[in-house]
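File shown here: run.cif, holding mmCIF, C-alpha atoms.
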data_input
#
loop_
_atom_site.label_atom_id
_atom_site.label_comp_id
_atom_site.auth_asym_id
_atom_site.auth_seq_id
_atom_site.Cartn_x
_atom_site.Cartn_y
_atom_site.Cartn_z
CA MET A 80 84.93 -53.89 1.90
CA THR A 81 86.46 -51.29 4.17
CA ARG A 82 85.40 -48.73 1.59
CA ARG A 83 81.79 -49.73 2.20
CA LEU A 84 82.38 -49.36 5.94
CA ALA A 85 83.63 -45.85 5.24
CA TYR A 86 80.56 -45.09 3.09
CA ALA A 87 78.29 -46.26 5.92
CA GLN A 88 80.19 -44.03 8.36
CA LEU A 89 80.00 -41.08 5.96
CA THR A 90 76.25 -41.52 5.56
CA ASN A 91 75.31 -41.52 9.21
CA SER A 92 77.96 -38.89 10.06
CA ILE A 93 76.13 -36.42 7.83
CA GLY A 94 73.03 -36.99 9.93
CA ASP A 95 75.05 -36.81 13.15
CA GLY A 96 76.56 -33.47 12.14
CA GLY A 97 73.14 -31.92 11.69
CA PHE A 98 71.86 -33.45 14.93
CA LEU A 99 74.79 -32.08 16.94
CA VAL A 100 74.17 -28.56 15.69
CA VAL A 101 70.39 -28.31 16.13
CA SER A 102 69.48 -30.75 18.91
CA ALA A 103 70.16 -28.47 21.90
CA LEU A 104 68.09 -25.60 20.49
CA TYR A 105 65.34 -27.97 19.33
CA PHE A 106 64.89 -29.46 22.80
CA THR A 107 65.06 -26.10 24.58
CA GLN A 108 63.21 -23.82 22.15
CA ILE A 109 60.76 -26.20 20.44
CA VAL A 110 60.16 -28.90 23.06
CA GLY A 111 60.49 -26.39 25.91
CA LEU A 112 62.92 -28.25 28.18
CA GLY A 113 65.30 -26.21 30.33
CA ALA A 114 68.97 -26.16 29.38
CA ALA A 115 69.95 -27.69 32.74
CA ARG A 116 67.50 -30.55 32.23
CA VAL A 117 68.80 -31.20 28.73
CA GLY A 118 72.35 -31.31 30.06
CA LEU A 119 71.36 -33.69 32.86
CA ALA A 120 69.56 -35.98 30.42
CA LEU A 121 72.56 -36.11 28.10
CA THR A 122 74.89 -36.93 31.00
CA LEU A 123 72.61 -39.75 32.15
CA ALA A 124 72.15 -41.01 28.61
CA TRP A 125 75.84 -41.25 27.78
CA GLY A 126 76.50 -42.87 31.15
CA VAL A 127 73.96 -45.56 30.34
CA GLY A 128 75.33 -45.77 26.81
CA ALA A 129 78.84 -46.43 28.07
CA VAL A 130 77.65 -49.46 30.03
CA ALA A 131 75.36 -50.65 27.25
CA GLY A 132 78.19 -50.42 24.73
CA VAL A 133 80.10 -53.22 26.49
CA ALA A 134 77.02 -55.45 26.67
CA LEU A 135 76.09 -54.83 23.04
CA GLY A 136 79.71 -55.40 22.03
CA HIS A 137 79.41 -58.83 23.66
CA VAL A 138 76.24 -59.41 21.63
CA ALA A 139 78.22 -58.55 18.49
CA ASP A 140 80.80 -61.18 19.43
CA ARG A 141 78.08 -63.80 19.87
CA LEU A 142 75.73 -62.99 16.99
CA GLY A 143 78.16 -61.39 14.54
CA PRO A 144 79.25 -57.73 14.28
CA ARG A 145 77.69 -57.18 10.84
CA THR A 146 74.26 -58.39 11.94
CA THR A 147 74.46 -56.45 15.20
CA ALA A 148 75.58 -53.26 13.44
CA VAL A 149 72.67 -53.42 10.99
CA VAL A 150 70.14 -53.89 13.80
CA LEU A 151 71.63 -51.11 15.95
CA ALA A 152 71.86 -48.64 13.06
CA SER A 153 68.17 -49.27 12.34
CA ALA A 154 67.31 -48.96 16.04
CA THR A 155 69.16 -45.64 16.21
CA ALA A 156 67.04 -44.36 13.33
CA VAL A 157 63.89 -45.38 15.19
CA SER A 158 65.03 -43.66 18.41
CA ILE A 159 65.72 -40.43 16.52
CA SER A 160 62.24 -40.57 15.01
CA ILE A 161 60.67 -41.08 18.46
CA LEU A 162 62.52 -38.01 19.73
CA LEU A 163 60.34 -35.93 17.41
CA LEU A 164 57.29 -37.13 19.33
CA THR A 165 58.81 -36.60 22.78
CA ARG A 166 57.41 -33.67 24.75
CA ASN A 167 58.15 -34.36 28.45
CA PHE A 168 61.34 -34.77 30.44
CA ALA A 169 60.90 -38.39 31.57
CA ALA A 170 60.25 -39.60 28.04
CA PHE A 171 63.15 -37.50 26.78
CA VAL A 172 65.56 -39.14 29.26
CA LEU A 173 64.34 -42.63 28.34
CA VAL A 174 64.62 -42.12 24.60
CA MET A 175 68.03 -40.44 24.88
CA CYS A 176 69.27 -43.40 26.95
CA LEU A 177 68.13 -45.72 24.16
CA TYR A 178 69.71 -43.48 21.53
CA ALA A 179 73.06 -43.36 23.37
CA SER A 180 72.99 -47.12 23.99
CA PHE A 181 72.32 -47.91 20.35
CA GLN A 182 75.05 -45.48 19.26
CA SER A 183 77.60 -46.97 21.67
CA GLY A 184 76.74 -50.51 20.64
CA LEU A 185 76.90 -49.55 16.97
CA GLN A 186 80.37 -48.11 17.44
CA ALA A 187 81.57 -51.29 19.17
CA SER A 188 80.08 -53.62 16.56
CA ARG A 189 81.50 -51.57 13.68
CA GLN A 190 84.94 -51.68 15.26
CA ALA A 191 84.63 -55.45 15.64
CA LEU A 192 83.48 -55.73 12.04
CA LEU A 193 86.46 -53.68 10.88
CA ALA A 194 88.79 -55.95 12.86
CA GLY A 195 87.26 -58.99 11.22
CA LEU A 196 87.47 -57.62 7.68
CA THR A 197 91.09 -56.45 7.84
CA THR A 198 94.46 -57.84 8.80
CA PRO A 199 96.14 -56.55 11.98
CA GLU A 200 98.55 -54.52 9.82
CA GLU A 201 95.68 -52.81 7.98
CA ARG A 202 93.31 -52.01 10.86
CA THR A 203 94.69 -48.71 12.13
CA ARG A 204 95.08 -47.23 8.64
CA ALA A 205 91.59 -48.40 7.70
CA ARG A 206 90.24 -46.87 10.92
CA ALA A 207 91.99 -43.60 10.05
CA ARG A 208 90.37 -43.54 6.61
CA ILE A 209 86.98 -44.12 8.19
CA GLN A 210 87.60 -41.35 10.74
CA SER A 211 88.60 -38.92 8.00
CA THR A 212 85.44 -39.79 6.10
CA ALA A 213 83.35 -39.37 9.24
CA ASN A 214 84.77 -35.89 9.88
CA ALA A 215 83.91 -34.86 6.35
CA GLY A 216 80.37 -36.15 6.86
CA ILE A 217 79.98 -34.27 10.15
CA ALA A 218 81.13 -31.07 8.45
CA ILE A 219 78.52 -31.51 5.70
CA GLY A 220 75.81 -32.25 8.24
CA ALA A 221 76.84 -29.32 10.42
CA ALA A 222 76.48 -27.00 7.44
CA MET A 223 72.96 -28.28 6.88
CA GLY A 224 72.25 -27.86 10.58
CA GLY A 225 73.58 -24.32 10.40
CA PHE A 226 71.11 -23.54 7.63
CA ALA A 227 68.31 -24.93 9.80
CA LEU A 228 69.44 -22.68 12.64
CA HIS A 229 69.38 -19.73 10.26
CA LEU A 230 65.76 -20.50 9.37
CA GLY A 231 64.96 -21.09 13.04
CA THR A 232 61.65 -22.87 12.42
CA GLU A 233 60.30 -26.13 13.84
CA ALA A 234 59.97 -27.48 10.30
CA ALA A 235 63.66 -26.83 9.62
CA TYR A 236 64.71 -28.55 12.86
CA THR A 237 62.39 -31.48 12.13
CA ALA A 238 63.90 -31.87 8.66
CA VAL A 239 67.35 -32.28 10.22
CA PHE A 240 66.06 -35.01 12.56
CA VAL A 241 64.41 -36.79 9.63
CA LEU A 242 67.67 -36.54 7.68
CA ASP A 243 69.53 -38.04 10.64
CA ALA A 244 67.11 -40.98 10.88
CA LEU A 245 67.32 -41.62 7.14
CA SER A 246 71.10 -41.48 7.28
CA PHE A 247 71.19 -44.32 9.81
CA LEU A 248 68.79 -46.39 7.72
CA ALA A 249 71.07 -45.84 4.72
CA ALA A 250 74.07 -46.84 6.83
CA ALA A 251 72.24 -50.02 7.88
CA ALA A 252 71.57 -50.84 4.23
CA ILE A 253 75.24 -50.38 3.32
CA LEU A 254 76.42 -52.43 6.31
CA GLY A 255 74.03 -55.18 5.23
CA THR A 256 76.00 -55.66 2.01
CA LEU A 257 79.14 -56.66 3.94
CA PRO A 258 79.92 -60.27 4.82
CA GLU A 259 79.62 -61.52 8.36
CA THR A 260 83.00 -62.09 9.96
CA ALA A 261 84.32 -65.33 11.38
CA MET A 262 85.20 -63.88 14.80
CA THR A 263 81.84 -64.68 16.42
CA ARG A 264 80.34 -67.08 18.94
CA ALA A 265 82.70 -65.92 21.68
CA LYS A 266 82.19 -68.02 24.82
CA GLY A 267 83.66 -65.57 27.35
CA ARG A 268 81.10 -63.39 29.10
CA PHE A 269 82.41 -59.85 29.69
CA ASP A 270 86.02 -61.01 29.98
CA VAL A 271 87.10 -57.42 29.39
CA LEU A 272 85.88 -56.50 32.88
CA LYS A 273 88.51 -58.87 34.32
CA ASP A 274 91.33 -57.48 32.17
CA ARG A 275 92.97 -54.95 34.51
CA PRO A 276 95.72 -53.80 32.10
CA TYR A 277 93.15 -53.09 29.40
CA ALA A 278 91.03 -51.21 31.95
CA LEU A 279 94.04 -49.05 32.85
CA ILE A 280 94.73 -48.36 29.17
CA THR A 281 91.08 -47.35 28.71
CA LEU A 282 91.32 -44.98 31.71
CA ILE A 283 94.51 -43.38 30.36
CA ASN A 284 92.84 -42.91 26.99
CA ALA A 285 89.82 -41.31 28.72
CA VAL A 286 92.15 -38.75 30.33
CA MET A 287 93.69 -37.96 26.95
CA LEU A 288 90.21 -37.61 25.44
CA LEU A 289 89.56 -34.58 27.64
CA TYR A 290 90.69 -32.62 24.60
CA MET A 291 87.16 -33.11 23.20
CA PRO A 292 85.27 -30.90 25.68
CA LEU A 293 88.21 -28.50 25.50
CA LEU A 294 87.55 -28.05 21.79
CA SER A 295 83.77 -27.99 21.83
CA LEU A 296 83.08 -26.08 25.07
CA ILE A 297 86.06 -24.57 26.89
CA ILE A 298 87.91 -22.92 23.99
CA PRO A 299 84.83 -21.00 22.72
CA LEU A 300 84.15 -19.77 26.26
CA TRP A 301 87.82 -18.88 26.73
CA ILE A 302 87.84 -16.87 23.53
CA VAL A 303 84.80 -14.87 24.62
CA GLN A 304 85.75 -14.39 28.28
CA ARG A 305 89.54 -14.13 28.35
CA THR A 306 90.81 -12.93 24.94
CA GLU A 307 90.32 -10.02 22.57
CA ALA A 308 89.93 -12.31 19.54
CA PRO A 309 86.70 -12.14 17.49
CA THR A 310 84.02 -14.57 18.70
CA TRP A 311 83.56 -16.14 15.25
CA LEU A 312 87.05 -17.58 15.60
CA ALA A 313 85.58 -20.40 17.72
CA ALA A 314 83.76 -21.71 14.65
CA ALA A 315 86.85 -21.23 12.50
CA LEU A 316 88.92 -23.37 14.89
CA LEU A 317 86.36 -26.18 14.59
CA VAL A 318 86.64 -25.98 10.81
CA LEU A 319 90.43 -26.09 11.12
CA ASN A 320 90.18 -29.19 13.30
CA THR A 321 87.84 -31.00 10.95
CA ALA A 322 89.85 -30.15 7.84
CA ALA A 323 93.12 -31.25 9.42
CA VAL A 324 91.70 -34.64 10.38
CA VAL A 325 90.30 -35.17 6.90
CA LEU A 326 93.60 -34.25 5.25
CA PHE A 327 96.22 -35.75 7.57
CA GLN A 328 94.78 -38.48 9.81
CA VAL A 329 95.49 -41.30 7.36
CA ARG A 330 99.04 -40.10 6.80
CA ILE A 331 99.77 -39.98 10.52
CA ALA A 332 98.14 -43.37 11.13
CA LYS A 333 100.76 -45.00 8.88
CA ARG A 334 103.25 -44.48 11.72
CA ALA A 335 101.32 -46.84 14.02
CA THR A 336 103.13 -50.00 12.95
CA GLY A 337 103.09 -51.87 16.27
CA LEU A 338 102.52 -51.47 19.98
CA GLY A 339 105.90 -49.83 20.56
CA GLU A 340 105.34 -47.13 17.95
CA ALA A 341 101.71 -46.71 19.05
CA SER A 342 102.84 -46.05 22.63
CA ARG A 343 105.31 -43.44 21.37
CA LEU A 344 102.58 -41.74 19.37
CA VAL A 345 100.45 -41.40 22.52
CA ARG A 346 103.44 -40.09 24.49
CA HIS A 347 104.19 -37.51 21.80
CA ALA A 348 100.50 -36.58 21.74
CA GLY A 349 100.68 -35.73 25.45
CA LEU A 350 103.68 -33.47 24.93
CA ILE A 351 102.12 -31.68 21.97
CA MET A 352 98.83 -31.21 23.84
CA PHE A 353 100.79 -29.64 26.70
CA ALA A 354 102.36 -27.22 24.22
CA SER A 355 98.88 -26.44 22.88
CA CYS A 356 97.59 -25.72 26.40
CA ALA A 357 100.57 -23.46 27.06
CA VAL A 358 99.87 -21.40 23.94
CA PHE A 359 96.17 -21.16 24.82
CA ALA A 360 97.20 -19.87 28.25
CA VAL A 361 99.34 -17.13 26.67
CA THR A 362 96.38 -15.80 24.65
CA ALA A 363 94.97 -14.21 27.80
CA PHE A 364 97.95 -11.83 27.86
CA SER A 365 97.98 -10.88 24.17
CA SER A 366 96.83 -7.38 23.30
CA GLY A 367 94.77 -6.85 20.19
CA ALA A 368 92.36 -9.06 18.30
CA TRP A 369 94.67 -10.33 15.59
CA PRO A 370 97.68 -11.25 17.75
CA ALA A 371 95.28 -13.19 19.97
CA ALA A 372 93.74 -14.84 16.91
CA ALA A 373 97.15 -15.88 15.59
CA LEU A 374 98.04 -17.50 18.92
CA LEU A 375 94.68 -19.27 19.09
CA ILE A 376 95.15 -20.69 15.59
CA ALA A 377 98.65 -21.90 16.51
CA ALA A 378 97.32 -23.53 19.69
CA ALA A 379 94.46 -25.19 17.80
CA ALA A 380 96.89 -26.51 15.20
CA LEU A 381 99.00 -28.10 17.93
CA GLN A 382 95.87 -29.50 19.55
CA VAL A 383 94.63 -31.23 16.39
CA LEU A 384 98.12 -32.65 15.74
CA GLY A 385 98.07 -34.15 19.23
CA GLU A 386 94.55 -35.44 18.61
CA MET A 387 95.60 -37.26 15.43
CA LEU A 388 98.69 -38.78 17.08
CA LEU A 389 96.56 -39.95 19.99
CA ALA A 390 93.89 -41.45 17.75
CA SER A 391 96.41 -43.38 15.66
CA GLY A 392 98.20 -44.79 18.69
CA ALA A 393 95.02 -45.58 20.62
CA TRP A 394 93.42 -47.43 17.71
CA GLU A 395 96.48 -49.64 17.27
CA ILE A 396 96.63 -50.37 20.99
CA SER A 397 92.91 -51.09 21.39
CA PHE A 398 92.80 -53.49 18.43
CA SER A 399 96.09 -55.26 19.14
CA LEU A 400 95.43 -56.00 22.81
CA ALA A 401 91.87 -57.30 22.31
CA PRO A 402 91.36 -61.07 21.79
CA ALA A 403 90.31 -61.81 18.23
CA ASP A 404 87.00 -63.41 19.25
CA ARG A 405 86.10 -60.65 21.72
CA GLN A 406 86.73 -57.49 19.72
CA GLY A 407 83.12 -56.37 20.21
CA GLN A 408 83.13 -56.26 23.99
CA TYR A 409 86.70 -54.95 24.14
CA GLN A 410 85.99 -52.15 21.65
CA GLY A 411 82.77 -51.36 23.50
CA PHE A 412 84.72 -51.08 26.75
CA PHE A 413 87.48 -48.97 25.18
CA ALA A 414 84.85 -46.59 23.82
CA THR A 415 83.65 -45.87 27.37
CA GLY A 416 86.63 -43.51 27.55
CA THR A 417 84.78 -41.19 25.19
CA ALA A 418 81.66 -41.25 27.37
CA VAL A 419 83.71 -40.60 30.53
CA ALA A 420 85.44 -37.62 28.90
CA ARG A 421 82.10 -36.21 27.77
CA MET A 422 80.51 -36.69 31.19
CA VAL A 423 83.36 -35.52 33.45
CA GLY A 424 85.13 -33.09 31.13
CA PRO A 425 82.74 -30.12 31.01
CA ALA A 426 82.44 -29.64 34.79
CA LEU A 427 86.11 -30.43 35.46
CA LEU A 428 87.55 -28.26 32.72
CA THR A 429 85.18 -25.36 33.37
CA THR A 430 86.41 -25.27 36.97
CA VAL A 431 90.10 -25.75 36.22
CA VAL A 432 90.58 -23.76 33.00
CA LEU A 433 87.99 -21.00 33.24
CA GLY A 434 88.29 -20.77 37.01
CA TRP A 435 92.09 -20.92 37.36
CA GLY A 436 93.05 -19.29 34.07
CA THR A 437 96.66 -19.71 32.95
CA ILE A 438 97.55 -22.07 35.78
CA GLY A 439 94.52 -24.17 34.89
CA TRP A 440 95.72 -24.57 31.28
CA LEU A 441 99.12 -25.72 32.52
CA VAL A 442 97.54 -28.19 34.94
CA VAL A 443 95.46 -29.71 32.13
CA GLY A 444 98.53 -29.81 29.88
CA GLY A 445 100.48 -31.55 32.62
CA LEU A 446 97.68 -34.11 32.91
CA PHE A 447 98.07 -34.88 29.21
CA VAL A 448 101.83 -35.37 29.64
CA VAL A 449 101.40 -37.72 32.59
CA ALA A 450 98.76 -39.76 30.77
CA GLY A 451 100.85 -39.90 27.59
CA TYR A 452 103.88 -41.22 29.44
CA ALA A 453 101.75 -43.70 31.42
CA MET A 454 100.49 -45.40 28.28
CA GLY A 455 103.78 -47.17 27.49
CA PRO A 456 104.12 -49.00 30.84
CA ALA A 457 100.41 -49.87 30.76
CA VAL A 458 100.76 -51.39 27.30
CA ARG A 459 103.83 -53.31 28.43
CA TRP A 460 101.87 -54.67 31.40
CA ALA A 461 99.10 -55.81 29.05
CA ARG A 462 101.58 -57.49 26.72
CA GLU A 463 103.30 -59.23 29.63
CA LYS A 464 99.94 -60.50 30.87
CA ASN A 465 98.99 -61.77 27.43
CA SER A 466 102.40 -63.33 26.90
CA THR A 467 102.31 -65.07 30.27
CA SER A 468 98.88 -66.51 29.58
CA SER A 469 99.79 -67.64 26.06
CA GLY A 470 103.42 -68.60 26.69
CA ALA A 471 104.66 -66.31 23.95
CA MET A 472 106.61 -63.06 24.00
CA THR A 473 106.68 -60.59 21.13
CA ASP A 474 109.69 -58.64 19.96
CA ASP A 475 108.22 -55.22 20.59
CA LEU A 476 107.21 -55.90 24.19
CA TYR A 477 109.99 -53.81 25.73
CA MET A 478 109.64 -51.11 23.11
CA CYS A 479 106.44 -49.95 24.85
CA VAL A 480 108.10 -47.42 27.14
#
As structure tokens, please, write out the structure in this file.
Amino acid sequence: MTRRLAYAQLTNSIGDGGFLVVSALYFTQIVGLGAARVGLALTLAWGVGAVAGVALGHVADRLGPRTTAVVLASATAVSISILLLTRNFAAFVLVMCLYASFQSGLQASRQALLAGLTTPEERTRARARIQSTANAGIAIGAAMGGFALHLGTEAAYTAVFVLDALSFLAAAAILGTLPETAMTRAKGRFDVLKDRPYALITLINAVMLLYMPLLSLIIPLWIVQRTEAPTWLAAALLVLNTAAVVLFQVRIAKRATGLGEASRLVRHAGLIMFASCAVFAVTAFSSGAWPAAALLIAAAALQVLGEMLLASGAWEISFSLAPADRQGQYQGFFATGTAVARMVGPALLTTVVLGWGTIGWLVVGGLFVVAGYAMGPAVRWAREKNSTSSGAMTDDLYMCV
């Protein structure tokens, strides 16, 4: 059954990959919206989506994650289709808010469905397999999007949007073949908002997730502005990142065998991300294109290793600390960390890294270290709270340091 979940993720990830590549140029060049307006709309949309993800996760707990996922995947396809008819800014903001909300809710309901279809021991490894599959799908879709960019016509861009919509309909069909899980009809209404330890863990994870805008925005700009490396290396580093996740994420996820080990993985991720930032900082002082390129590849390799360690640890923590009958709302809340990183990261990192240079890289790296070390005590606090409320104490409680 988890294989079918992976197939559903692969299907819509192909569409997502194409959408990510062509959407900005479609809205600016074809629709005629300014780049600043597109950026503002995306920020607003993902902010709304972060809030909606918690509410729709609660719906998944009440109505069933399989049913909710099918509906939201279909709704996402409809929103993508409407985007093709959108020609003014107000309508664009509205539809993008719907799109982001459906996407966030779909992610939460799929996570809840995964939790219901697997044992606690299997969840993190299953999630790693799905993530590897998703990265492969995004790479395929990005290649198709790249071809559309090469053609540069409205018809080519439209074809990518149609492919994206069809991919979500196909994902909905695959999800519909899965059984509904038993962890439904939750009575608590947004209990996650009262869970302060889980909120702290989500905030720490959001800080760690700042690596995402580093990879997609800051590193390409750094290469162009501060190094002598060839500009095409930015694309090569993205390929390196995707390939590494596809090849090694499942293997690394096997190490997440409990909350204690998951906390250590996040701590190690912080240290490795600091090392990555330090190497990126050094590239500004390297002379010659190829020495700079070698350092950039080494830094990117460290970064993706830290990313995989973080993902494995964070998945284990987010699943294990969520009540079984409230996985939807808890996973929806945990996913807000991604939205926060996407909203805050570009402006923050542009100022710190591109503005401060080498010192900025070290500051960001230090932030990763602090967040990585903070995860253990936060997890221990959550376990103590859960143990106090349930009257039970687990063996690995004091391993979360």
With the file shown as input, list the residues that the PyMOL selection byres ((chain A and resi 188) around 8) selects, as a list in words.
Leu135, Gly136, Ala139, Pro144, Arg145, Thr147, Ala148, Gly184, Leu185, Gln186, Ala187, Arg189, Gln190, Ala191, Leu192, Gly407, Gln410 and Gly411 of chain A
Write out as a PyMOL selection string which residues come within 12 Å of Leu294 (chain A) when counting all atoms listed in the file, dropping same-chain ones fewer than 5 positions away.
chain A and resi 288-289+299-302+313-321+352+355-356+359+375+378-380+382-383+386+421+424-425+428
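Among A:Ser211, A:Ser246, A:Ser92, A:Thr362, the residue with the shortest atom-to-atom distance to Ile298 (chain A), counting only C-alpha atoms, is A:Thr362.
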Using the chain letters and residue numbers of this document, give as a PyMOL selection string the residues selected by the PyMOL selection byres ((chain A and resi 371) around 10).
chain A and resi 302+306-309+359+361-370+372-377
Next, dump the selected residues to file, keeping only C-alpha atoms, as a PDB file, in the frame of the given file.
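Listed below is the output, again18.pdb:
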ATOM      1  CA  ILE A 302      87.840 -16.870  23.530  1.00  0.00           C
ATOM      2  CA  THR A 306      90.810 -12.930  24.940  1.00  0.00           C
ATOM      3  CA  GLU A 307      90.320 -10.020  22.570  1.00  0.00           C
ATOM      4  CA  ALA A 308      89.930 -12.310  19.540  1.00  0.00           C
ATOM      5  CA  PRO A 309      86.700 -12.140  17.490  1.00  0.00           C
ATOM      6  CA  PHE A 359      96.170 -21.160  24.820  1.00  0.00           C
ATOM      7  CA  VAL A 361      99.340 -17.130  26.670  1.00  0.00           C
ATOM      8  CA  THR A 362      96.380 -15.800  24.650  1.00  0.00           C
ATOM      9  CA  ALA A 363      94.970 -14.210  27.800  1.00  0.00           C
ATOM     10  CA  PHE A 364      97.950 -11.830  27.860  1.00  0.00           C
ATOM     11  CA  SER A 365      97.980 -10.880  24.170  1.00  0.00           C
ATOM     12  CA  SER A 366      96.830  -7.380  23.300  1.00  0.00           C
ATOM     13  CA  GLY A 367      94.770  -6.850  20.190  1.00  0.00           C
ATOM     14  CA  ALA A 368      92.360  -9.060  18.300  1.00  0.00           C
ATOM     15  CA  TRP A 369      94.670 -10.330  15.590  1.00  0.00           C
ATOM     16  CA  PRO A 370      97.680 -11.250  17.750  1.00  0.00           C
ATOM     17  CA  ALA A 372      93.740 -14.840  16.910  1.00  0.00           C
ATOM     18  CA  ALA A 373      97.150 -15.880  15.590  1.00  0.00           C
ATOM     19  CA  LEU A 374      98.040 -17.500  18.920  1.00  0.00           C
ATOM     20  CA  LEU A 375      94.680 -19.270  19.090  1.00  0.00           C
ATOM     21  CA  ILE A 376      95.150 -20.690  15.590  1.00  0.00           C
ATOM     22  CA  ALA A 377      98.650 -21.900  16.510  1.00  0.00           C
TER      23      ALA A 377
END
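Taking all atoms listed in the file, the non-local environment of Ile159 (chain A) within 8 Å (same-chain residues fewer than 6 positions away omitted) comprises Tyr178, Phe240, Val241, Asp243 and Ala244 of chain A.
Rounded to one decimal, CA of Tyr236 (chain A) and CA of Gly118 (chain A) lie 19.0 Å from each other.
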From the options A:Ala169, A:Ala221, A:Ala131, A:Leu257, which residue's atoms come nearest to Tyr86 (chain A), counting all atoms listed in the file?
A:Leu257
From the list A:Val345, A:Val174, A:Val239, A:Ile351, which residue is nearest Val286 (chain A) when using all atoms listed in the file?
A:Val345
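Straight-line separation from CA of Ala235 (chain A) to CA of Leu162 (chain A): 15.1 Å.
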Could you check the closest approach to His137 (chain A) for each of A:Glu395, A:Glu201, A:Asp270, A:Glu259 and tell me which residue wins, using all atoms listed in the file?
A:Asp270
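For the residues A:Leu296, A:Leu326, A:Phe412, A:Leu173, ranking by smallest atom-to-atom distance to Leu433 (chain A) using all atoms listed in the file places A:Leu296 first.
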Using only C-alpha atoms, the residue out of A:Ala114, A:Ala341, A:Leu163, A:Ala85 with shortest distance to Asn214 (chain A) is A:Ala85
